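Asks: Here it is, the structure in full.
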Amino acid sequence: MTAPPELKARRVLLALAAGGADSASLRSSVLLAASLSAELDALFLEDADLFTSSTLPFACEILPSGAERPVAAESLSGALRAQAETLRRQLALQADPAQVKWSFRTLRARRISALLELSAGQDVVVAAWQRRMRWQSAPGLKALARPVLLAYQSIEPPAAALEIAVRLACSLGAELVLLGPADGTPPIVEAGLHVRRLLRTDVSMAGLLASLAGFPAEMLVLPAGELAACEPLEIGHLLDAVAVPVVLVR
Amino acid sequence: MPHSKALAPDQLYRVCDLSQLDFGTTAELEPLAGPLGQERALEALNFGVGMRHEGYNLFVMGSPGLGKQTLLKQLLEGEAAKGAAPSDWCYVNNFDVPHRPQALALPAGRGVELRADMERLLDELLHAVPAAFQSDEYRIRAQEITDDYKGREESAFAELNEQAEAQGIAILRTPVGFTLAPRRDGEVLGPDEFKKLDESEREAIETSVRELNEKLKGVFHRIAAWQKESRERFRELNREVSDAAVGQLLHGLEEKYAASPQVLEFLNAVKQDVAENVDVFRRAGEEEEQPQAQQLHDHELLQRYRVNVLVDNAEANGAPVVHEDNPNYHNLVGRVEHIAQMGALVTNFSLIKAGALHRANGGYLVLDARKVLTTPFGWEGIKRALRTREIRIESLERMLSLVSTISLEPEPIPLDLKVVLSGDRLLYYLLKAYDPEFGQLFKVLADFSEDTPRTDENTQLYARLIASLQQRDGLRPLAREAVGRAIEHAARRADDSERLSVHLGDVSDLLREADYWAGQAGREVVAADDVRRARDARVRRANQTEERLRDATLRETLLIDTQGARTAQVNGLAVLQLGDYAFGRPGRITATARLGQGGVVDIEREAKLGGKLHSKGVMILSAFLADRYARNQPLSLAASLVFEQSYGTIDGDSASTAELCVLLSALADVPIRQSLAITGSVNQHGQVQAIGGVNEKIEGFFDLCAMRGLSGEQGVIIPAANVKHLMLNEAVVEAVRAGRFHVYAVGHVDEALNLLTGLESGEADVDGRYPPDSVNGRVQKRVEELAALRKRYAQSGRENRPIVENGDDGAA
């Protein structure tokens, strides 16, 4: 599928943060950038809140092993740098073979605020940080491709968001699920692509989160308008609650 | 004492009676089916082969060239053909104890089938297993497990998040874990803001953080448990999928090998092992290339399902008969080979190699005893296997504790075979004497005879034997006369005119060489002359040393008189054996005798050049002297005997007659004819006894005399008991026929003295006195003189006076 003339994304902003990203998220982002012939601009956000919290008298870090250890700004800084470097290498391994032009930079800022600020000037932003622990699935298991979920509030999905969702679904060989206030026959957007509509009864953020709970998806695509009326706290809550990468499309 | 007459020419060589040979050439003869003259050995072989009880292994005894191997081959192959082909033997991996590979017995031919089946199975597994794990069914079920636990994790975090949110606490992701911080209006509180809070508020926050930290730890613990649980569920799922995939493929094999519980057990072990190592098969189906170490590991693991066919009897028609020409320990018992891998030597069950015992199991193993005994640990290996009735492969390095690396201990294989050792007489008796286990393990002796009586029947059979060998080797037929000459050669080879050598190797060589000379002469049929030429040419090729020694005698470097008479000097005869060739060599024996205390000094013995038998001969003649001449008085002489110009060791007693004669010559002061040579051993009563190599000895002296010119006086004195052994060459016989050379047979030393001295030896009267002019009389007189001298010497010694031999007391 080639990019339609109306969608001229020059860059895809890939937002990463502490906790890293799984290779599937990186791969999806690379595929999207390749599909759009866009540059992939990876931004590793060193969350300023982490440094703030590390100075609290009771600050400590709980490790997945259950161990507890003190957290200090210095060690935190080193660990973040190491993680950024790891991500950079992982990205190179994915992007170079796909011949996607890419860059990688690091920014220390408050995560959600910075993301919202930076995304204002972007056509496509992918928030791909790891929210939870990295679940170890069976070795050698090639997971089934899960659907790409496009959530929107309008009767029909916004064209740009739909376009991005279609490209992602095609690239991943996944089903496209349209989660909107209207149900009925889904539009034929791409030959061979399986599209299905789900009725979204509650268009609020809480309603969206409720719809997403228990719905296994590969990626969540949101039109930028979806977040326009939301408070940053609400947006942060959404981005942290959703376990899959979120693609914001202007 | 009557004078011995010279032997007639026909006593010197027994000609083959051609009238017994009723054929023109050997082409007309029916080959001899069985061996000649080996009835005893054949009986033993049949008995040994037929006895199936433990320890009835065979030792086939006889010198090389008797046809032992040929007969064994015929007999064993005939017997083996009646038996069933033994089992195939395979080694497979022992999945429980890998360093102890498991042995599988299968019906003949099924080993290779099993190997092919397992190769095919492995190939199919490498496709079927990845396919099963790439199926939608598996992926969906695996995804269900993943989703289940992932969902639990998300729920646990979501719940924790909610609680944290409710308490105004943010859960922040760090690079490797989480940290908790108070949040107000979406902002994480810094230390300054935190300090500004009321104490109660601060305490409440700290309490919340502490509680949430504990809850977070609880979530992590639960996640760890879920991870473990999910792995177990995946393992079960994998086993289920693997069993389904493998089970289908194995089903056919299980039916095919239903009759073999061992194979079924192995297949079941394979099934379980595949399920436990299913990732290896899954990786084999992946497109992306694995790291080299991983590939190596996977490759090695896949080798575990292969079959090492140690013994394949698919082509066997009956029991095996194995001849192992290099019976070293590993060639007999088998070995475990190693290969270099990543700088180390490694091994596995597929590197187990069969030994001769494995190949011969269920049949016969034929070995050369000398080779087995001279190869380190070969004999020990054979004995251990026969004793324990199993083949246990152990490396020599481990046996000798030279290495301590981990190696294999393959499961021993039950042994049921008959070992046939082939060796010479000496080896057999040495083993019997020095190895107590030998008698228990090799209870059957097949003693091959070196010769057979030269009866009319055997002569005819021998002709057929010659025909067999001629036809077997594709030689020209032999004329009747040539066969007669070959038979005469066999008698000469047996050193007995009344026996025939059954040394097939020697006969075969003679026939081949005669065939060559017939070809050189352009004949289609081998003539008697070709046989003679073959024999002469063989001598010519080997007798350079003999000629050199004779030449040294002719040039008087070696001193041998062949005419005239000398006192205290006689021509003795010895046989030199150089390789296959034996020849007679005349040697001068001299003696001295003087006053002494009754001892005969054997100078050869004193110089440590005389063997025990020679010393015994000298002692016997001392006893003879004392018995005959000094019964009633001390034997008061000191004599010495020596083989002149002898520079090597001398053994045997065949010169004792000559030594006695030369000693009597010295005592009697009677010269001995140097035109005669004498051989024979003597006993204490003066009887001359048979010796070996009589033909070579006569021919040796004859050749020297002939080179110097036969005078008609020359000849050889031999024991009468050796006359039957005479098969002298044509030159000697012709010279005797012409009266230019003589062979005398004597039964007593007195006869020999008559011939050697030309004087009467003399017979004792009733008083034991010999005629004064006889040889014995002179000896008797001299012995008495010496006794008297000794008596006077003893007296003068007491009186401290010198004595003189002529009767004067020296007092003057």
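Just remember, in the structure tokens the first chain shown is A, the second B, etc., residues are 1-based per chain, and ligands are 1-based in the order shown.
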Using backbone DSSP assignments, extract all helix (DSSP H, G or I) residues from region 150-333 of chain B; output them as a PyMOL selection string.
Replies: chain B and resi 150-166+191-196+199-256+261-276+278-284+292-303+329-333
Asks: Give me, as a VMD selection string, the contact residues of chain B against chain A at a cut-off of 8 Å, counting only C-alpha atoms.
Replies: chain B and resid 133 to 134 139 to 140 142 to 143 146 to 147 150 to 151 154 157 to 158 172 to 181 186 to 191 194 206 213 216 to 218 220 to 221 224 227 231 234 279 282 to 283
Asks: Find the residue from A:Arg196, A:Arg250, A:Lys101, A:Arg89 that sits nearest to Val30 (chain A); use only C-alpha atoms when measuring.
Replies: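 Of all the options, A:Lys101 lies closest to Val30 (chain A).
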Asks: Counting only C-alpha atoms, which residue out of B:Thr26, B:Phe643, B:Glu254, B:Lys724 sits closest to Arg454 (chain B)?
Replies: B:Lys724
Asks: Determine, counting only C-alpha atoms, which protein, DNA and RNA residues have an atom within 10 Å of an atom of Leu198 (chain A); residues of the same chain fewer than 2 positions away are not included. Present the result as a PDB file with N, CA and C atoms, in the first residue's frame.
Replies:
```
ATOM      1  N   LEU A 149      -6.570  -1.441  16.864  1.00  0.00           N
ATOM      2  CA  LEU A 149      -7.842  -0.856  17.301  1.00  0.00           C
ATOM      3  C   LEU A 149      -7.829   0.650  17.021  1.00  0.00           C
ATOM      4  N   LEU A 150      -8.830   1.083  16.286  1.00  0.00           N
ATOM      5  CA  LEU A 150      -8.986   2.535  16.033  1.00  0.00           C
ATOM      6  C   LEU A 150     -10.217   3.019  16.809  1.00  0.00           C
ATOM      7  N   ALA A 151      -9.968   3.889  17.784  1.00  0.00           N
ATOM      8  CA  ALA A 151     -11.080   4.413  18.601  1.00  0.00           C
ATOM      9  C   ALA A 151     -11.340   5.870  18.208  1.00  0.00           C
ATOM     10  N   VAL A 177      -9.987  -3.174  13.853  1.00  0.00           N
ATOM     11  CA  VAL A 177     -11.260  -3.048  14.587  1.00  0.00           C
ATOM     12  C   VAL A 177     -11.562  -1.560  14.749  1.00  0.00           C
ATOM     13  N   LEU A 178     -12.739  -1.174  14.303  1.00  0.00           N
ATOM     14  CA  LEU A 178     -13.152   0.231  14.398  1.00  0.00           C
ATOM     15  C   LEU A 178     -14.083   0.359  15.598  1.00  0.00           C
ATOM     16  N   LEU A 179     -13.642   1.132  16.583  1.00  0.00           N
ATOM     17  CA  LEU A 179     -14.436   1.298  17.800  1.00  0.00           C
ATOM     18  C   LEU A 179     -15.026   2.718  17.786  1.00  0.00           C
ATOM     19  N   GLY A 180     -16.270   2.827  17.317  1.00  0.00           N
ATOM     20  CA  GLY A 180     -16.899   4.140  17.194  1.00  0.00           C
ATOM     21  C   GLY A 180     -18.337   4.103  17.667  1.00  0.00           C
ATOM     22  N   PRO A 181     -18.981   5.252  17.709  1.00  0.00           N
ATOM     23  CA  PRO A 181     -20.355   5.312  18.226  1.00  0.00           C
ATOM     24  C   PRO A 181     -21.379   4.695  17.278  1.00  0.00           C
ATOM     25  N   ALA A 182     -21.006   4.462  16.063  1.00  0.00           N
ATOM     26  CA  ALA A 182     -21.961   3.875  15.131  1.00  0.00           C
ATOM     27  C   ALA A 182     -21.514   2.472  14.783  1.00  0.00           C
ATOM     28  N   ASP A 183     -22.492   1.556  14.695  1.00  0.00           N
ATOM     29  CA  ASP A 183     -22.105   0.209  14.248  1.00  0.00           C
ATOM     30  C   ASP A 183     -22.657  -0.005  12.852  1.00  0.00           C
ATOM     31  N   GLY A 184     -22.541  -1.168  12.358  1.00  0.00           N
ATOM     32  CA  GLY A 184     -23.029  -1.466  11.027  1.00  0.00           C
ATOM     33  C   GLY A 184     -21.928  -2.056  10.184  1.00  0.00           C
ATOM     34  N   PRO A 186     -18.803  -2.411   8.126  1.00  0.00           N
ATOM     35  CA  PRO A 186     -17.568  -1.637   8.060  1.00  0.00           C
ATOM     36  C   PRO A 186     -17.238  -1.255   6.631  1.00  0.00           C
ATOM     37  N   ARG A 196     -13.577  -4.853  11.153  1.00  0.00           N
ATOM     38  CA  ARG A 196     -14.784  -5.148  11.943  1.00  0.00           C
ATOM     39  C   ARG A 196     -15.109  -3.901  12.764  1.00  0.00           C
ATOM     40  N   ARG A 200     -19.204   1.781  20.202  1.00  0.00           N
ATOM     41  CA  ARG A 200     -18.666   2.471  21.384  1.00  0.00           C
ATOM     42  C   ARG A 200     -19.832   3.262  21.987  1.00  0.00           C
ATOM     43  N   THR A 201     -20.309   2.782  23.106  1.00  0.00           N
ATOM     44  CA  THR A 201     -21.492   3.403  23.694  1.00  0.00           C
ATOM     45  C   THR A 201     -21.140   4.608  24.532  1.00  0.00           C
ATOM     46  N   SER A 211     -13.845   0.073  27.554  1.00  0.00           N
ATOM     47  CA  SER A 211     -13.935  -0.741  26.331  1.00  0.00           C
ATOM     48  C   SER A 211     -12.630  -1.500  26.088  1.00  0.00           C
TER      49      SER A 211
END
```
Asks: Considering only C-alpha atoms, return as a PyMOL selection string whatever protein or nucleic-acid residues lie within 6 Å of region 327-342 of chain B, sequence-local ones (same chain, fewer than 4 positions apart) excluded.
Replies: chain B and resi 346-347+351-357+372+375+377-378+393
Asks: Considering only C-alpha atoms, return as a list in words whatever protein or nucleic-acid residues lie within 10 Å of Thr459 (chain B), sequence-local ones (same chain, fewer than 5 positions apart) excluded.
Replies: Cys16, Asp17, Leu18, Gln20, Leu21, Thr452, Pro453, Arg454, Arg464, Leu465, Val483, Gly484, Ile487, Glu488, Arg499 and Leu500 of chain B
Asks: Put those residues in a file: N, CA and C atoms, as a PDB file, in the first residue's frame.
Replies:
```pdb
ATOM      1  N   CYS B  16      60.320 -93.528  -5.420  1.00  0.00           N
ATOM      2  CA  CYS B  16      58.871 -93.738  -5.494  1.00  0.00           C
ATOM      3  C   CYS B  16      58.585 -94.774  -6.577  1.00  0.00           C
ATOM      4  N   ASP B  17      57.791 -95.742  -6.200  1.00  0.00           N
ATOM      5  CA  ASP B  17      57.446 -96.807  -7.149  1.00  0.00           C
ATOM      6  C   ASP B  17      56.367 -96.282  -8.095  1.00  0.00           C
ATOM      7  N   LEU B  18      56.795 -95.992  -9.301  1.00  0.00           N
ATOM      8  CA  LEU B  18      55.867 -95.369 -10.249  1.00  0.00           C
ATOM      9  C   LEU B  18      54.745 -96.309 -10.672  1.00  0.00           C
ATOM     10  N   GLN B  20      52.854 -97.666  -8.802  1.00  0.00           N
ATOM     11  CA  GLN B  20      51.693 -97.374  -7.948  1.00  0.00           C
ATOM     12  C   GLN B  20      50.888 -96.193  -8.474  1.00  0.00           C
ATOM     13  N   LEU B  21      51.483 -95.456  -9.368  1.00  0.00           N
ATOM     14  CA  LEU B  21      50.824 -94.247  -9.860  1.00  0.00           C
ATOM     15  C   LEU B  21      50.234 -94.546 -11.234  1.00  0.00           C
ATOM     16  N   THR B 452      52.966 -88.301   7.449  1.00  0.00           N
ATOM     17  CA  THR B 452      52.066 -89.455   7.447  1.00  0.00           C
ATOM     18  C   THR B 452      52.856 -90.657   6.921  1.00  0.00           C
ATOM     19  N   PRO B 453      52.495 -91.860   7.316  1.00  0.00           N
ATOM     20  CA  PRO B 453      53.264 -93.029   6.842  1.00  0.00           C
ATOM     21  C   PRO B 453      53.273 -93.130   5.320  1.00  0.00           C
ATOM     22  N   ARG B 454      54.414 -93.576   4.797  1.00  0.00           N
ATOM     23  CA  ARG B 454      54.540 -93.659   3.335  1.00  0.00           C
ATOM     24  C   ARG B 454      54.074 -95.034   2.876  1.00  0.00           C
ATOM     25  N   ARG B 464      47.048 -87.580  -5.459  1.00  0.00           N
ATOM     26  CA  ARG B 464      45.798 -86.825  -5.622  1.00  0.00           C
ATOM     27  C   ARG B 464      45.871 -85.465  -4.918  1.00  0.00           C
ATOM     28  N   LEU B 465      46.602 -85.468  -3.823  1.00  0.00           N
ATOM     29  CA  LEU B 465      46.800 -84.193  -3.127  1.00  0.00           C
ATOM     30  C   LEU B 465      47.576 -83.228  -4.034  1.00  0.00           C
ATOM     31  N   VAL B 483      55.362 -86.391 -10.321  1.00  0.00           N
ATOM     32  CA  VAL B 483      54.655 -86.655  -9.067  1.00  0.00           C
ATOM     33  C   VAL B 483      55.516 -87.544  -8.174  1.00  0.00           C
ATOM     34  N   GLY B 484      56.115 -88.560  -8.806  1.00  0.00           N
ATOM     35  CA  GLY B 484      56.995 -89.451  -8.043  1.00  0.00           C
ATOM     36  C   GLY B 484      58.124 -88.675  -7.400  1.00  0.00           C
ATOM     37  N   ILE B 487      56.828 -86.741  -4.494  1.00  0.00           N
ATOM     38  CA  ILE B 487      56.583 -87.617  -3.340  1.00  0.00           C
ATOM     39  C   ILE B 487      57.901 -87.921  -2.632  1.00  0.00           C
ATOM     40  N   GLU B 488      58.931 -88.161  -3.441  1.00  0.00           N
ATOM     41  CA  GLU B 488      60.248 -88.408  -2.833  1.00  0.00           C
ATOM     42  C   GLU B 488      60.713 -87.153  -2.068  1.00  0.00           C
ATOM     43  N   ARG B 499      58.124 -92.021   5.621  1.00  0.00           N
ATOM     44  CA  ARG B 499      57.014 -91.101   5.914  1.00  0.00           C
ATOM     45  C   ARG B 499      56.966 -90.018   4.852  1.00  0.00           C
ATOM     46  N   LEU B 500      55.827 -89.376   4.771  1.00  0.00           N
ATOM     47  CA  LEU B 500      55.661 -88.284   3.802  1.00  0.00           C
ATOM     48  C   LEU B 500      55.278 -87.008   4.558  1.00  0.00           C
TER      49      LEU B 500
END
```
Asks: Counting only C-alpha atoms, what is within 7 Å of region 502-513 of chain B, bar same-chain residues fewer than 6 positions away, as a ChimeraX atom specification?
Replies: /B:36,65-67,450-452,469-470,475,534-535
Asks: Produce a file of the selected residues containing N, CA and C atoms, as an mmCIF file, in the first residue's frame.
Replies:
```cif
data_model
loop_
_atom_site.group_PDB
_atom_site.id
_atom_site.type_symbol
_atom_site.label_atom_id
_atom_site.label_comp_id
_atom_site.auth_asym_id
_atom_site.auth_seq_id
_atom_site.Cartn_x
_atom_site.Cartn_y
_atom_site.Cartn_z
ATOM 1 N N LEU B 36 45.181 -84.905 4.098
ATOM 2 C CA LEU B 36 45.912 -86.167 4.117
ATOM 3 C C LEU B 36 46.684 -86.272 5.427
ATOM 4 N N GLY B 65 51.950 -73.832 7.385
ATOM 5 C CA GLY B 65 52.077 -74.498 6.097
ATOM 6 C C GLY B 65 51.491 -75.892 6.078
ATOM 7 N N LEU B 66 50.898 -76.322 7.185
ATOM 8 C CA LEU B 66 50.326 -77.678 7.225
ATOM 9 C C LEU B 66 48.917 -77.713 6.637
ATOM 10 N N GLY B 67 48.401 -76.572 6.270
ATOM 11 C CA GLY B 67 47.053 -76.518 5.715
ATOM 12 C C GLY B 67 46.007 -76.358 6.785
ATOM 13 N N GLU B 450 52.747 -83.540 11.224
ATOM 14 C CA GLU B 450 53.700 -83.002 10.260
ATOM 15 C C GLU B 450 53.900 -83.964 9.097
ATOM 16 N N ASP B 451 53.631 -85.262 9.342
ATOM 17 C CA ASP B 451 53.845 -86.240 8.262
ATOM 18 C C ASP B 451 52.891 -87.402 8.418
ATOM 19 N N THR B 452 52.966 -88.301 7.449
ATOM 20 C CA THR B 452 52.066 -89.455 7.447
ATOM 21 C C THR B 452 52.856 -90.657 6.921
ATOM 22 N N LEU B 469 46.324 -79.551 -5.451
ATOM 23 C CA LEU B 469 47.060 -78.291 -5.347
ATOM 24 C C LEU B 469 47.349 -77.729 -6.735
ATOM 25 N N GLN B 470 47.692 -78.624 -7.655
ATOM 26 C CA GLN B 470 47.982 -78.172 -9.021
ATOM 27 C C GLN B 470 46.739 -77.548 -9.647
ATOM 28 N N LEU B 475 47.984 -74.692 -12.148
ATOM 29 C CA LEU B 475 49.326 -75.006 -12.653
ATOM 30 C C LEU B 475 49.238 -76.025 -13.788
ATOM 31 N N ALA B 534 63.483 -77.284 -9.639
ATOM 32 C CA ALA B 534 62.873 -76.406 -8.637
ATOM 33 C C ALA B 534 63.540 -76.604 -7.286
ATOM 34 N N ARG B 535 63.757 -77.873 -6.949
ATOM 35 C CA ARG B 535 64.383 -78.188 -5.659
ATOM 36 C C ARG B 535 65.828 -77.659 -5.630
#
```
Asks: Measure the distance from CA of Val246 (chain B) to CA of Asp88 (chain B) in Å and round it to one decimal.
Replies: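 For CA of Val246 (chain B) relative to CA of Asp88 (chain B), the distance reads 26.1 Å.
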Asks: Please list as a ChimeraX atom specification every residue within 7 Å of region 577-593 of chain B, counting only C-alpha atoms and excluding residues in the same chain fewer than 3 positions away.
Replies: /B:542,546,560,568-574,637-644,659,662-663,666-667,696-697,699-701
Asks: Can those selected residues be exported to a file as a PDB file, in the first residue's frame so that it contains N, CA and C atoms?
Replies:
```pdb
ATOM      1  N   ALA B 542      69.473 -70.504  -1.443  1.00  0.00           N
ATOM      2  CA  ALA B 542      69.619 -70.387   0.016  1.00  0.00           C
ATOM      3  C   ALA B 542      70.996 -70.781   0.540  1.00  0.00           C
ATOM      4  N   GLU B 546      76.468 -71.873   3.219  1.00  0.00           N
ATOM      5  CA  GLU B 546      77.033 -73.217   3.171  1.00  0.00           C
ATOM      6  C   GLU B 546      78.263 -73.242   2.259  1.00  0.00           C
ATOM      7  N   ILE B 560      89.794 -79.206   8.182  1.00  0.00           N
ATOM      8  CA  ILE B 560      89.110 -80.507   8.184  1.00  0.00           C
ATOM      9  C   ILE B 560      89.941 -81.410   7.266  1.00  0.00           C
ATOM     10  N   ALA B 568      93.600 -88.819  18.136  1.00  0.00           N
ATOM     11  CA  ALA B 568      92.852 -87.840  18.944  1.00  0.00           C
ATOM     12  C   ALA B 568      92.195 -86.751  18.087  1.00  0.00           C
ATOM     13  N   GLN B 569      91.812 -87.102  16.902  1.00  0.00           N
ATOM     14  CA  GLN B 569      91.155 -86.131  16.014  1.00  0.00           C
ATOM     15  C   GLN B 569      90.153 -86.883  15.144  1.00  0.00           C
ATOM     16  N   VAL B 570      88.924 -86.387  15.135  1.00  0.00           N
ATOM     17  CA  VAL B 570      87.888 -87.061  14.355  1.00  0.00           C
ATOM     18  C   VAL B 570      87.015 -85.998  13.671  1.00  0.00           C
ATOM     19  N   ASN B 571      86.372 -86.405  12.587  1.00  0.00           N
ATOM     20  CA  ASN B 571      85.450 -85.502  11.899  1.00  0.00           C
ATOM     21  C   ASN B 571      84.034 -85.725  12.434  1.00  0.00           C
ATOM     22  N   GLY B 572      83.542 -84.744  13.083  1.00  0.00           N
ATOM     23  CA  GLY B 572      82.149 -84.792  13.527  1.00  0.00           C
ATOM     24  C   GLY B 572      81.278 -84.075  12.509  1.00  0.00           C
ATOM     25  N   LEU B 573      79.970 -84.149  12.739  1.00  0.00           N
ATOM     26  CA  LEU B 573      79.041 -83.523  11.778  1.00  0.00           C
ATOM     27  C   LEU B 573      77.969 -82.742  12.549  1.00  0.00           C
ATOM     28  N   ALA B 574      77.755 -81.544  12.082  1.00  0.00           N
ATOM     29  CA  ALA B 574      76.705 -80.725  12.716  1.00  0.00           C
ATOM     30  C   ALA B 574      75.742 -80.250  11.642  1.00  0.00           C
ATOM     31  N   LEU B 637      91.991 -90.185  34.994  1.00  0.00           N
ATOM     32  CA  LEU B 637      92.420 -89.399  33.828  1.00  0.00           C
ATOM     33  C   LEU B 637      91.705 -88.054  33.835  1.00  0.00           C
ATOM     34  N   ALA B 638      92.364 -87.181  33.132  1.00  0.00           N
ATOM     35  CA  ALA B 638      91.733 -85.880  32.885  1.00  0.00           C
ATOM     36  C   ALA B 638      91.738 -85.697  31.384  1.00  0.00           C
ATOM     37  N   ALA B 639      90.555 -85.679  30.816  1.00  0.00           N
ATOM     38  CA  ALA B 639      90.467 -85.550  29.359  1.00  0.00           C
ATOM     39  C   ALA B 639      89.739 -84.250  29.018  1.00  0.00           C
ATOM     40  N   SER B 640      90.004 -83.755  27.873  1.00  0.00           N
ATOM     41  CA  SER B 640      89.274 -82.574  27.415  1.00  0.00           C
ATOM     42  C   SER B 640      88.868 -82.778  25.973  1.00  0.00           C
ATOM     43  N   LEU B 641      87.723 -82.267  25.677  1.00  0.00           N
ATOM     44  CA  LEU B 641      87.148 -82.397  24.333  1.00  0.00           C
ATOM     45  C   LEU B 641      86.827 -81.008  23.804  1.00  0.00           C
ATOM     46  N   VAL B 642      87.046 -80.850  22.503  1.00  0.00           N
ATOM     47  CA  VAL B 642      86.724 -79.549  21.938  1.00  0.00           C
ATOM     48  C   VAL B 642      86.315 -79.675  20.471  1.00  0.00           C
ATOM     49  N   PHE B 643      85.351 -78.850  20.107  1.00  0.00           N
ATOM     50  CA  PHE B 643      85.020 -78.686  18.685  1.00  0.00           C
ATOM     51  C   PHE B 643      85.941 -77.583  18.167  1.00  0.00           C
ATOM     52  N   GLU B 644      86.863 -77.962  17.340  1.00  0.00           N
ATOM     53  CA  GLU B 644      87.827 -76.972  16.861  1.00  0.00           C
ATOM     54  C   GLU B 644      87.144 -75.975  15.915  1.00  0.00           C
ATOM     55  N   GLU B 659      82.773 -87.930  19.919  1.00  0.00           N
ATOM     56  CA  GLU B 659      83.585 -87.485  21.066  1.00  0.00           C
ATOM     57  C   GLU B 659      84.158 -88.691  21.815  1.00  0.00           C
ATOM     58  N   VAL B 662      87.016 -90.182  19.675  1.00  0.00           N
ATOM     59  CA  VAL B 662      88.241 -89.401  19.655  1.00  0.00           C
ATOM     60  C   VAL B 662      88.933 -89.470  21.017  1.00  0.00           C
ATOM     61  N   LEU B 663      88.157 -89.606  22.066  1.00  0.00           N
ATOM     62  CA  LEU B 663      88.743 -89.729  23.402  1.00  0.00           C
ATOM     63  C   LEU B 663      89.444 -91.081  23.546  1.00  0.00           C
ATOM     64  N   ALA B 666      92.627 -90.976  21.757  1.00  0.00           N
ATOM     65  CA  ALA B 666      93.655 -90.285  22.535  1.00  0.00           C
ATOM     66  C   ALA B 666      94.214 -91.203  23.619  1.00  0.00           C
ATOM     67  N   LEU B 667      93.328 -91.967  24.232  1.00  0.00           N
ATOM     68  CA  LEU B 667      93.777 -92.851  25.311  1.00  0.00           C
ATOM     69  C   LEU B 667      94.585 -94.039  24.764  1.00  0.00           C
ATOM     70  N   GLU B 696      71.362 -84.250   5.804  1.00  0.00           N
ATOM     71  CA  GLU B 696      72.160 -83.041   5.633  1.00  0.00           C
ATOM     72  C   GLU B 696      73.603 -83.280   6.064  1.00  0.00           C
ATOM     73  N   LYS B 697      73.794 -84.055   7.129  1.00  0.00           N
ATOM     74  CA  LYS B 697      75.145 -84.301   7.640  1.00  0.00           C
ATOM     75  C   LYS B 697      75.966 -85.098   6.622  1.00  0.00           C
ATOM     76  N   GLU B 699      75.409 -85.363   3.426  1.00  0.00           N
ATOM     77  CA  GLU B 699      75.629 -84.553   2.220  1.00  0.00           C
ATOM     78  C   GLU B 699      76.686 -83.467   2.465  1.00  0.00           C
ATOM     79  N   GLY B 700      76.703 -82.939   3.687  1.00  0.00           N
ATOM     80  CA  GLY B 700      77.698 -81.913   4.011  1.00  0.00           C
ATOM     81  C   GLY B 700      79.111 -82.447   3.884  1.00  0.00           C
ATOM     82  N   PHE B 701      79.362 -83.669   4.424  1.00  0.00           N
ATOM     83  CA  PHE B 701      80.710 -84.231   4.334  1.00  0.00           C
ATOM     84  C   PHE B 701      81.014 -84.682   2.905  1.00  0.00           C
TER      85      PHE B 701
END
```
Asks: Measure the distance from CA of Asp495 (chain B) to CA of Gln714 (chain B) in Å and round it to one decimal.
Replies: 23.2 Å
Asks: Could you tell me how far CA of Gly611 (chain B) lies from CA of Ser449 (chain B), in Å and to one decimal?
Replies: 28.2 Å
